[in-house]
file entry.cif (mmCIF, C-alpha atoms)
data_work
#
loop_
_atom_site.label_atom_id
_atom_site.label_comp_id
_atom_site.auth_asym_id
_atom_site.auth_seq_id
_atom_site.Cartn_x
_atom_site.Cartn_y
_atom_site.Cartn_z
CA MET A 1 89.01 -103.81 -155.78
CA ALA A 2 87.91 -107.10 -154.21
CA GLU A 3 84.23 -107.99 -154.32
CA PRO A 4 82.40 -107.92 -150.95
CA ILE A 5 82.23 -111.29 -149.20
CA SER A 6 78.94 -112.96 -150.10
CA GLN A 7 79.54 -116.56 -149.06
CA TYR A 8 78.25 -117.29 -145.56
CA ILE A 9 77.24 -120.04 -143.19
CA LEU A 10 73.95 -119.45 -141.41
CA MET A 11 74.78 -120.12 -137.76
CA HIS A 12 72.76 -120.77 -134.61
CA LYS A 13 75.25 -119.75 -131.93
CA ASN A 14 78.17 -122.09 -132.80
CA ILE A 15 76.04 -124.59 -134.71
CA PRO A 16 76.37 -124.40 -138.53
CA VAL A 17 72.90 -124.55 -140.09
CA ALA A 18 73.29 -124.07 -143.85
CA GLU A 19 75.45 -122.53 -146.55
CA LEU A 20 74.07 -119.45 -148.26
CA GLU A 21 75.09 -116.73 -150.66
CA LEU A 22 73.94 -113.12 -150.47
CA ASP A 23 73.54 -110.81 -153.44
CA ALA A 24 76.09 -108.02 -153.00
CA ALA A 25 73.71 -105.38 -154.38
CA SER A 26 70.44 -106.25 -152.64
CA GLY A 27 71.48 -108.36 -149.65
CA ALA A 28 68.96 -111.06 -150.61
CA ILE A 29 69.72 -114.79 -150.31
CA ILE A 30 70.33 -115.92 -153.88
CA ARG A 31 71.58 -119.46 -153.27
CA LEU A 32 71.45 -122.15 -150.61
CA GLY A 33 74.04 -124.88 -150.29
CA THR A 34 74.57 -127.73 -147.87
CA ILE A 35 72.23 -128.06 -144.89
CA TYR A 36 74.25 -129.02 -141.85
CA GLU A 37 71.61 -129.04 -139.09
CA GLN A 38 67.98 -129.19 -140.18
CA ASN A 39 66.58 -128.96 -136.64
CA HIS A 40 68.20 -125.55 -136.20
CA VAL A 41 66.67 -123.96 -139.30
CA PRO A 42 64.70 -120.87 -138.12
CA VAL A 43 61.22 -121.65 -136.83
CA GLY A 44 58.57 -121.36 -139.54
CA VAL A 45 60.96 -121.90 -142.45
CA ALA A 46 59.98 -125.11 -144.20
CA VAL A 47 62.44 -127.87 -145.04
CA LYS A 48 61.13 -130.35 -147.61
CA HIS A 49 62.98 -133.36 -148.96
CA GLY A 50 66.20 -132.09 -147.42
CA SER A 51 65.95 -128.61 -148.99
CA ILE A 52 65.21 -125.29 -147.27
CA ASP A 53 62.47 -123.16 -148.81
CA ARG A 54 64.62 -120.26 -150.06
CA SER A 55 61.64 -117.93 -150.41
CA ALA A 56 60.65 -118.53 -146.78
CA LEU A 57 64.23 -118.11 -145.59
CA ASN A 58 64.47 -114.83 -147.51
CA GLU A 59 61.28 -113.65 -145.81
CA TRP A 60 62.80 -114.52 -142.44
CA TRP A 61 66.05 -112.74 -143.40
CA ARG A 62 64.19 -109.62 -144.55
CA GLY A 63 62.31 -109.64 -141.26
CA ARG A 64 65.60 -109.14 -139.40
CA ALA A 65 66.14 -105.77 -141.07
CA ILE A 66 64.96 -102.39 -139.82
CA PRO A 67 61.52 -101.88 -141.41
CA ALA A 68 61.26 -99.35 -144.20
CA SER A 69 58.55 -97.62 -142.14
CA ARG A 70 61.04 -96.65 -139.39
CA TYR A 71 60.91 -92.93 -138.75
CA GLY A 72 63.91 -91.22 -140.39
CA ILE A 73 65.36 -94.39 -141.91
CA ARG A 74 65.85 -92.89 -145.36
CA ASN A 75 68.03 -90.06 -144.04
CA ALA A 76 69.88 -92.47 -141.77
CA LEU A 77 70.79 -94.75 -144.70
CA MET A 78 72.07 -91.76 -146.65
CA GLU A 79 74.18 -90.72 -143.68
CA MET A 80 75.67 -94.24 -143.46
CA GLU A 81 76.04 -94.48 -147.25
CA ILE A 82 74.05 -97.72 -147.35
CA SER A 83 71.56 -98.26 -150.16
CA ASN A 84 69.01 -100.43 -148.30
CA VAL A 85 68.22 -101.86 -144.88
CA GLN A 86 68.98 -105.41 -145.99
CA LEU A 87 72.62 -104.51 -146.61
CA LEU A 88 72.72 -102.93 -143.17
CA THR A 89 71.71 -106.31 -141.72
CA GLU A 90 74.63 -107.96 -143.50
CA LYS A 91 77.07 -105.38 -142.08
CA CYS A 92 76.43 -106.67 -138.55
CA LEU A 93 76.42 -110.32 -139.64
CA GLY A 94 72.69 -110.48 -138.93
CA LEU A 95 73.38 -110.49 -135.19
CA SER A 96 70.51 -109.54 -132.92
CA LEU A 97 69.65 -109.15 -129.25
CA SER A 98 66.46 -111.16 -129.75
CA ASP A 99 67.90 -114.51 -130.82
CA GLN A 100 71.15 -116.35 -131.53
CA TYR A 101 71.14 -116.55 -135.34
CA TRP A 102 73.86 -114.91 -137.41
CA ILE A 103 75.85 -115.35 -140.63
CA CYS A 104 79.54 -116.30 -140.54
CA PRO A 105 81.73 -115.37 -143.55
CA VAL A 106 83.10 -118.56 -145.08
CA GLY A 107 86.71 -119.13 -144.07
CA SER A 108 86.74 -116.35 -141.48
CA GLY A 109 87.05 -118.61 -138.44
CA ILE A 110 84.84 -116.24 -136.44
CA SER A 111 82.99 -117.75 -133.48
CA TRP A 112 79.71 -116.66 -131.90
CA GLY A 113 81.53 -115.91 -128.66
CA GLN A 114 83.71 -113.35 -130.42
CA VAL A 115 80.92 -111.32 -132.01
CA ASN A 116 77.55 -111.75 -130.24
CA PHE A 117 76.09 -108.57 -128.77
CA PHE A 118 75.04 -110.20 -125.49
CA GLU A 119 78.64 -110.57 -124.31
CA ASN A 120 80.61 -108.13 -126.47
CA PRO A 121 80.50 -104.34 -126.71
CA PHE A 122 78.84 -102.83 -129.76
CA SER A 123 78.94 -99.54 -131.60
CA SER A 124 76.50 -96.74 -130.76
CA ASP A 125 77.05 -95.11 -134.18
CA VAL A 126 74.00 -96.62 -135.90
CA GLY A 127 71.68 -95.86 -132.98
CA ASP A 128 72.92 -92.29 -132.78
CA ILE A 129 72.35 -91.77 -136.50
CA LEU A 130 68.87 -93.31 -136.24
CA PHE A 131 68.18 -90.69 -133.56
CA GLY A 132 69.13 -87.93 -135.97
CA GLU A 133 72.80 -87.29 -135.18
CA ARG A 134 75.18 -86.51 -138.04
CA ALA A 135 78.17 -88.75 -138.63
CA GLY A 136 80.36 -85.95 -139.93
CA ASN A 137 83.79 -87.07 -141.10
CA ARG A 138 84.27 -89.77 -138.46
CA GLN A 139 84.52 -93.45 -139.32
CA ILE A 140 81.21 -95.23 -138.67
CA SER A 141 81.07 -98.72 -137.17
CA LEU A 142 78.09 -100.74 -138.38
CA MET A 143 78.48 -103.58 -135.88
CA SER A 144 75.33 -102.84 -133.93
CA PRO A 145 72.14 -104.60 -132.81
CA ASP A 146 70.29 -101.48 -134.01
CA ASN A 147 70.66 -102.90 -137.55
CA THR A 148 68.23 -105.68 -136.64
CA SER A 149 65.73 -103.88 -134.41
CA ASP A 150 62.04 -104.05 -135.37
CA GLY A 151 59.31 -101.42 -135.24
CA TRP A 152 58.58 -97.98 -136.70
CA LEU A 153 59.45 -95.79 -133.71
CA LYS A 154 62.94 -94.39 -133.24
CA LYS A 155 64.88 -96.74 -130.95
CA LYS A 156 68.40 -97.77 -130.11
CA TRP A 157 70.19 -100.30 -127.95
CA THR A 158 72.56 -99.09 -125.27
CA ILE A 159 74.52 -100.66 -122.41
CA ILE A 160 73.55 -99.33 -118.96
CA ASP A 161 75.41 -100.72 -115.93
CA GLY A 162 76.45 -103.71 -118.04
CA LYS A 163 72.85 -104.46 -119.11
CA ARG A 164 71.57 -104.35 -122.70
CA CYS A 165 68.72 -101.85 -122.70
CA LEU A 166 66.40 -100.58 -125.41
CA LEU A 167 65.69 -96.86 -125.58
CA LYS A 168 62.49 -96.00 -127.50
CA SER A 169 60.91 -92.69 -128.44
CA GLY A 170 57.35 -91.47 -128.84
CA SER A 171 55.68 -90.00 -131.90
CA GLY A 172 53.39 -87.25 -133.09
CA ALA A 173 52.45 -84.22 -131.04
CA THR A 174 51.95 -86.08 -127.76
CA TRP A 175 54.94 -88.49 -127.67
CA GLN A 176 52.65 -90.61 -125.52
CA GLU A 177 54.05 -94.11 -126.24
CA PRO A 178 56.81 -94.02 -123.56
CA TYR A 179 54.28 -93.05 -120.87
CA ASN A 180 51.98 -95.84 -122.05
CA GLU A 181 54.78 -98.40 -121.78
CA VAL A 182 55.39 -97.43 -118.17
CA LEU A 183 51.68 -97.54 -117.31
CA ALA A 184 51.29 -100.97 -118.93
CA SER A 185 54.22 -102.19 -116.80
CA ARG A 186 52.55 -100.88 -113.64
CA ILE A 187 49.24 -102.55 -114.54
CA MET A 188 50.92 -105.91 -115.15
CA GLU A 189 52.87 -105.58 -111.92
CA ARG A 190 49.58 -105.06 -110.07
CA LEU A 191 48.00 -108.08 -111.77
CA HIS A 192 51.10 -110.30 -111.44
CA ILE A 193 51.41 -110.74 -115.21
CA PRO A 194 54.93 -111.68 -116.41
CA HIS A 195 56.12 -108.65 -118.33
CA VAL A 196 59.04 -106.54 -119.43
CA SER A 197 59.44 -103.62 -117.05
CA TYR A 198 59.66 -100.13 -118.59
CA THR A 199 60.92 -96.96 -116.97
CA LEU A 200 60.87 -93.37 -118.15
CA LEU A 201 63.96 -91.44 -119.23
CA MET A 202 63.87 -87.74 -120.05
CA LYS A 203 66.38 -86.35 -122.55
CA GLU A 204 66.18 -82.67 -123.46
CA ASP A 205 62.56 -82.65 -122.21
CA TYR A 206 61.59 -85.56 -124.50
CA PRO A 207 60.32 -88.80 -122.89
CA TYR A 208 61.81 -92.18 -123.78
CA SER A 209 60.94 -95.62 -122.49
CA VAL A 210 63.77 -97.85 -121.33
CA CYS A 211 63.64 -101.62 -120.85
CA GLU A 212 66.22 -104.30 -120.26
CA ASP A 213 66.61 -107.07 -122.83
CA PHE A 214 64.66 -110.10 -121.61
CA ILE A 215 66.59 -112.45 -123.89
CA THR A 216 69.88 -113.96 -122.71
CA PRO A 217 72.76 -115.75 -124.47
CA GLU A 218 70.90 -119.00 -123.73
CA THR A 219 67.37 -118.07 -124.84
CA GLU A 220 65.64 -116.53 -127.83
CA LEU A 221 62.34 -114.95 -128.77
CA ILE A 222 60.24 -116.75 -131.37
CA THR A 223 57.42 -114.45 -132.46
CA ALA A 224 53.84 -115.61 -132.89
CA CYS A 225 54.19 -114.92 -136.61
CA HIS A 226 56.88 -117.57 -136.96
CA ILE A 227 55.11 -120.01 -134.65
CA MET A 228 52.02 -119.80 -136.87
CA GLN A 229 54.11 -120.61 -139.92
CA THR A 230 54.95 -124.06 -138.55
CA MET A 231 51.55 -125.40 -139.68
CA LYS A 232 49.26 -124.51 -142.57
CA LYS A 233 46.11 -122.81 -141.33
CA PRO A 234 42.89 -124.44 -142.60
CA ASN A 235 40.39 -121.92 -143.95
CA HIS A 236 37.78 -122.82 -141.35
CA VAL A 237 40.16 -122.32 -138.40
CA SER A 238 40.41 -118.88 -136.75
CA VAL A 239 43.76 -117.12 -136.27
CA TYR A 240 43.39 -117.53 -132.51
CA ARG A 241 42.72 -121.26 -132.72
CA HIS A 242 45.53 -121.70 -135.23
CA TYR A 243 48.01 -120.10 -132.84
CA MET A 244 46.82 -122.35 -130.03
CA ASP A 245 47.06 -125.42 -132.25
CA CYS A 246 50.60 -124.55 -133.35
CA CYS A 247 51.73 -124.04 -129.76
CA LYS A 248 50.12 -127.32 -128.74
CA GLN A 249 51.85 -129.13 -131.58
CA LEU A 250 55.20 -127.66 -130.45
CA GLU A 251 54.41 -128.56 -126.81
CA ILE A 252 54.82 -124.99 -125.57
CA PRO A 253 53.42 -124.73 -122.02
CA GLY A 254 51.14 -122.06 -120.59
CA ILE A 255 50.08 -120.38 -123.83
CA GLU A 256 46.33 -120.16 -123.28
CA ALA A 257 46.83 -118.59 -119.87
CA ALA A 258 49.37 -116.15 -121.31
CA VAL A 259 47.08 -115.08 -124.14
CA ASN A 260 44.22 -114.60 -121.68
CA ARG A 261 46.29 -112.08 -119.77
CA MET A 262 47.55 -110.34 -122.88
CA LEU A 263 44.03 -109.86 -124.23
CA VAL A 264 42.78 -108.50 -120.92
CA LEU A 265 45.64 -106.01 -120.76
CA ASP A 266 45.12 -104.92 -124.36
CA TYR A 267 41.39 -104.44 -123.77
CA LEU A 268 42.06 -102.32 -120.71
CA ILE A 269 44.66 -100.05 -122.33
CA VAL A 270 43.00 -100.04 -125.79
CA ASN A 271 46.11 -101.42 -127.51
CA GLU A 272 45.86 -100.86 -131.27
CA ASP A 273 48.98 -102.68 -132.43
CA ARG A 274 49.47 -106.08 -130.77
CA HIS A 275 50.57 -107.61 -134.05
CA GLN A 276 52.03 -111.08 -134.50
CA ASN A 277 55.61 -109.83 -134.24
CA ASN A 278 55.34 -108.25 -130.78
CA PHE A 279 54.31 -111.27 -128.76
CA GLY A 280 55.52 -114.84 -128.81
CA VAL A 281 57.40 -117.53 -126.92
CA ILE A 282 60.81 -118.21 -125.42
CA ARG A 283 63.04 -121.07 -126.58
CA ARG A 284 66.40 -122.33 -125.36
CA ALA A 285 68.80 -121.93 -128.28
CA ASP A 286 71.06 -124.90 -127.52
CA THR A 287 68.43 -127.55 -126.74
CA LEU A 288 65.53 -126.07 -128.79
CA GLU A 289 63.32 -126.59 -125.74
CA TYR A 290 60.37 -124.21 -125.44
CA VAL A 291 60.20 -122.52 -122.04
CA GLY A 292 56.79 -120.88 -122.44
CA ALA A 293 55.25 -117.55 -123.38
CA ALA A 294 57.45 -114.48 -123.64
CA PRO A 295 56.80 -111.80 -121.03
CA ILE A 296 54.49 -109.11 -122.41
CA TYR A 297 56.33 -106.21 -124.04
CA ASP A 298 55.76 -103.37 -126.53
CA SER A 299 52.43 -101.91 -125.40
CA GLY A 300 52.99 -98.25 -126.28
CA THR A 301 50.50 -97.85 -129.14
CA SER A 302 47.58 -97.67 -126.74
CA LEU A 303 45.41 -95.24 -124.73
CA TRP A 304 44.41 -93.21 -127.80
CA PHE A 305 48.10 -92.33 -128.28
CA ASP A 306 47.55 -90.54 -131.59
CA LYS A 307 44.05 -89.17 -131.02
CA PRO A 308 43.14 -85.55 -130.23
CA ILE A 309 41.48 -84.96 -126.87
CA GLY A 310 38.01 -84.85 -128.40
CA MET A 311 38.42 -88.42 -129.66
CA ILE A 312 39.52 -89.93 -126.34
CA ASN A 313 36.40 -91.97 -125.64
CA ALA A 314 36.39 -95.29 -123.79
CA ARG A 315 33.49 -96.62 -125.85
CA ALA A 316 34.65 -95.37 -129.23
CA LYS A 317 35.42 -98.08 -131.79
CA VAL A 318 39.16 -98.72 -131.90
CA LYS A 319 40.86 -101.33 -134.05
CA SER A 320 42.52 -104.27 -132.36
CA LYS A 321 44.97 -107.05 -133.18
CA PRO A 322 46.03 -109.85 -133.47
CA PHE A 323 43.00 -112.12 -133.44
CA LYS A 324 39.94 -109.88 -133.93
CA ASN A 325 39.34 -106.45 -135.42
CA SER A 326 37.65 -105.05 -132.31
CA HIS A 327 38.44 -105.33 -128.62
CA GLU A 328 34.79 -106.12 -127.93
CA GLU A 329 35.10 -109.30 -129.99
CA GLN A 330 38.65 -110.13 -128.94
CA ILE A 331 37.91 -110.06 -125.19
CA LYS A 332 35.38 -112.86 -125.80
CA LEU A 333 38.31 -115.16 -126.62
CA VAL A 334 39.45 -115.09 -122.98
CA THR A 335 38.72 -118.49 -121.46
CA ASP A 336 39.38 -117.59 -117.81
CA PHE A 337 39.09 -114.47 -115.68
CA GLY A 338 39.65 -116.27 -112.39
CA TRP A 339 43.11 -114.73 -111.99
CA LEU A 340 41.87 -111.16 -112.53
CA ASP A 341 41.75 -109.11 -109.32
CA PHE A 342 39.85 -105.89 -109.98
CA SER A 343 40.75 -104.52 -106.55
CA ALA A 344 44.36 -104.37 -107.77
CA LEU A 345 43.31 -101.80 -110.37
CA ALA A 346 42.05 -99.27 -107.82
CA GLY A 347 43.62 -95.84 -108.28
CA LEU A 348 45.02 -96.67 -111.70
CA ASP A 349 44.03 -93.26 -113.03
CA GLU A 350 46.05 -91.58 -110.29
CA GLU A 351 49.05 -93.70 -111.22
CA LEU A 352 48.73 -92.50 -114.80
CA ARG A 353 48.54 -88.92 -113.55
CA GLU A 354 51.77 -89.44 -111.60
CA ILE A 355 53.55 -90.94 -114.63
CA VAL A 356 52.79 -87.99 -116.93
CA ARG A 357 53.27 -85.27 -114.28
CA GLY A 358 55.54 -82.52 -115.61
CA SER A 359 55.22 -83.64 -119.23
CA LEU A 360 55.55 -80.90 -121.82
CA PHE A 361 53.52 -83.05 -124.23
CA ILE A 362 50.53 -84.15 -122.15
CA ASP A 363 48.78 -81.13 -120.68
CA GLU A 364 46.19 -81.15 -117.90
CA ALA A 365 43.25 -81.42 -120.29
CA ARG A 366 44.70 -84.47 -122.05
CA CYS A 367 45.66 -86.02 -118.73
CA GLU A 368 42.09 -85.63 -117.44
CA ALA A 369 40.67 -87.19 -120.60
CA LEU A 370 43.09 -90.13 -120.37
CA CYS A 371 42.34 -90.72 -116.68
CA LYS A 372 38.60 -90.65 -117.34
CA GLY A 373 38.98 -93.02 -120.28
CA LEU A 374 41.09 -95.44 -118.21
CA ARG A 375 38.51 -95.48 -115.38
CA GLN A 376 35.79 -96.21 -117.90
CA ARG A 377 37.83 -99.00 -119.56
CA THR A 378 38.17 -100.65 -116.14
CA GLU A 379 34.39 -100.48 -115.70
CA MET A 380 33.88 -101.86 -119.20
CA LEU A 381 36.24 -104.74 -118.44
CA GLU A 382 34.15 -105.61 -115.39
CA GLU A 383 31.06 -105.57 -117.60
CA ALA A 384 32.76 -107.87 -120.11
CA VAL A 385 33.71 -110.32 -117.37
CA LEU A 386 30.17 -110.38 -115.98
CA SER A 387 28.63 -110.82 -119.42
CA ALA A 388 30.97 -113.73 -120.06
CA GLY A 389 29.39 -115.52 -117.11
CA ARG A 390 32.78 -116.72 -115.82
CA PRO A 391 33.77 -114.22 -113.11
CA GLY A 392 36.41 -115.85 -110.95
CA PHE A 393 35.62 -119.49 -111.65
CA ILE A 394 38.78 -121.34 -112.63
CA GLU A 395 36.91 -124.63 -112.99
CA ASN A 396 35.12 -123.23 -116.05
CA THR A 397 38.36 -122.77 -118.01
CA GLN A 398 39.54 -124.86 -120.94
CA PHE A 399 43.04 -125.37 -119.57
CA ASP A 400 44.06 -126.99 -116.35
CA VAL A 401 45.24 -125.13 -113.25
CA LYS A 402 48.75 -126.57 -113.44
CA GLU A 403 49.32 -124.85 -116.77
CA ASP A 404 48.02 -121.57 -115.34
CA LYS A 405 50.38 -121.81 -112.36
CA ALA A 406 53.35 -122.55 -114.61
CA TYR A 407 52.64 -119.45 -116.67
CA SER A 408 52.01 -117.13 -113.73
CA GLY A 409 55.56 -117.55 -112.50
CA GLU A 410 54.94 -119.91 -109.57
CA THR A 411 57.77 -122.05 -110.92
CA GLU A 412 61.04 -120.35 -111.83
CA GLU A 413 61.62 -122.75 -114.73
CA ASN A 414 58.65 -121.41 -116.70
CA ASN A 415 59.09 -117.69 -115.97
CA PRO A 416 61.10 -115.96 -118.73
CA ASN A 417 61.84 -113.05 -116.40
CA THR A 418 64.03 -115.33 -114.26
CA LYS A 419 66.30 -116.30 -117.15
#

call {"tool": "encode", "arguments": {"input": "entry.cif", "output": "structure tokens"}}
result
Amino acid sequence: MAEPISQYILMHKNIPVAELELDAASGAIIRLGTIYEQNHVPVGVAVKHGSIDRSALNEWWRGRAIPASRYGIRNALMEMEISNVQLLTEKCLGLSLSDQYWICPVGSGISWGQVNFFENPFSSDVGDILFGERAGNRQISLMSPDNTSDGWLKKKWTIIDGKRCLLKSGSGATWQEPYNEVLASRIMERLHIPHVSYTLLMKEDYPYSVCEDFITPETELITACHIMQTMKKPNHVSVYRHYMDCCKQLEIPGIEAAVNRMLVLDYLIVNEDRHQNNFGVIRRADTLEYVGAAPIYDSGTSLWFDKPIGMINARAKVKSKPFKNSHEEQIKLVTDFGWLDFSALAGLDEELREIVRGSLFIDEARCEALCKGLRQRTEMLEEAVLSAGRPGFIENTQFDVKEDKAYSGETEENNPNTK
């Protein structure tokens, strides 16, 4: 029996980047060959003296796989008869709905246009299995963007009215994350923050959040994690400042304004998991031009999502990410509150009540506790703004107004939601 193909060309759309060889047993990159286009090597992977850092490229490649922490992944792999998630990535040629990188089997003659998931149909088999369905005796197709989806919650990509949409579940006893995604969308709509819009879908009485892919065949998401790998962080420089410095070095517009808004949102909704892989920037794949900050997405792990009612307390200490360990410290990083209109947040608790109405998971007592906590977080945010001594004064910011306008969507060119 012939050995599985292990010789590939790392591709960026139709641009060959480098030769590589994958280990047939583990899926790891075991050898790198000729570099064809150094500028198109994935962001954050170092190239020194004409050679790609294989360890860094392997880390990037592993990051494309479904995380081992994904709920139900072990049973799903058994159902698909795949030994590890890295091999699952290889089965779909590393294709994703977040960027334009993939691996082309040497000598296959395959083009990006023939296989990319933005323009071609894809199998629902992997997503269905990840959601607990049994494959039975049917033949399974592993050509799916679900092979390269991040995060620990159950999720799957589907095509709705011709649009690539991500369906994501909740967790625990409350399954609260989908409701939180919708509320975060409503808050950002009120505050005119560029964001990914989430809606609620009920399936067999379970709530799921649904959002359309904000990446197109022309653009790609570069996460903050990879941006921060483009420069070595000095020991005396904070994570926040390092991210700003990296973005400045790469000439990415509007980042300080974008981070200001993200930190305000996360303070308000008590987001516990804004890690460096769920925010970032948008880049044009063909020209490598940075457009600006990505719209805010993935805000479900918030509003005391996994806490019992007795622990829903607006002033309780809750961990935060990505720059500080507490929201009280992280909100101090915001350099401008001049854009923040508190009047737009009036009645937010009633909007939350409307979102969860009829839920079999969030009863009246939990709803009341969440509404009270949200009202108190709004009051606490006002206190934080006043204590900062910068309420509504744009001239006190550390970035100019032009950059703020570019981020806020006043120009179509810099708004990722218009792409």

call {"tool": "resolve_selection", "arguments": {"input": "entry.cif", "expression": "the PyMOL selection byres ((chain A and resi 353-355) around 8)", "output": "list in words"}}
result
Tyr179, Val182, Leu183, Asp349, Glu350, Glu351, Leu352, Val356, Arg357, Cys367 and Cys371 of chain A

call {"tool": "residues_around", "arguments": {"input": "entry.cif", "residues": "A:Asn75", "least_positions_apart": "2", "cutoff": "9 Å", "atoms": "only C-alpha atoms", "output": "number ranges by chain"}}
result
A: 72-73, 77-80, 129-130, 132

call {"tool": "closest_residue", "arguments": {"input": "entry.cif", "among": "A:Gly127, A:Gly151, A:Pro42, A:Gly94", "to": "A:Ala68", "atoms": "all atoms listed in the file"}}
result
A:Gly151

call {"tool": "closest_residue", "arguments": {"input": "entry.cif", "among": "A:Trp339, A:Arg315, A:Cys211, A:Asp298", "to": "A:Ala258", "atoms": "only C-alpha atoms"}}
result
A:Trp339

call {"tool": "resolve_selection", "arguments": {"input": "entry.cif", "expression": "the PyMOL selection byres ((chain A and resi 111) around 12)", "output": "list in words"}}
result
Ile9, Met11, His12, Lys13, Asn14, Ile15, Pro16, Leu93, Trp102, Ile103, Cys104, Pro105, Val106, Gly107, Ser108, Gly109, Ile110, Trp112, Gly113, Gln114, Val115 and Asn116 of chain A
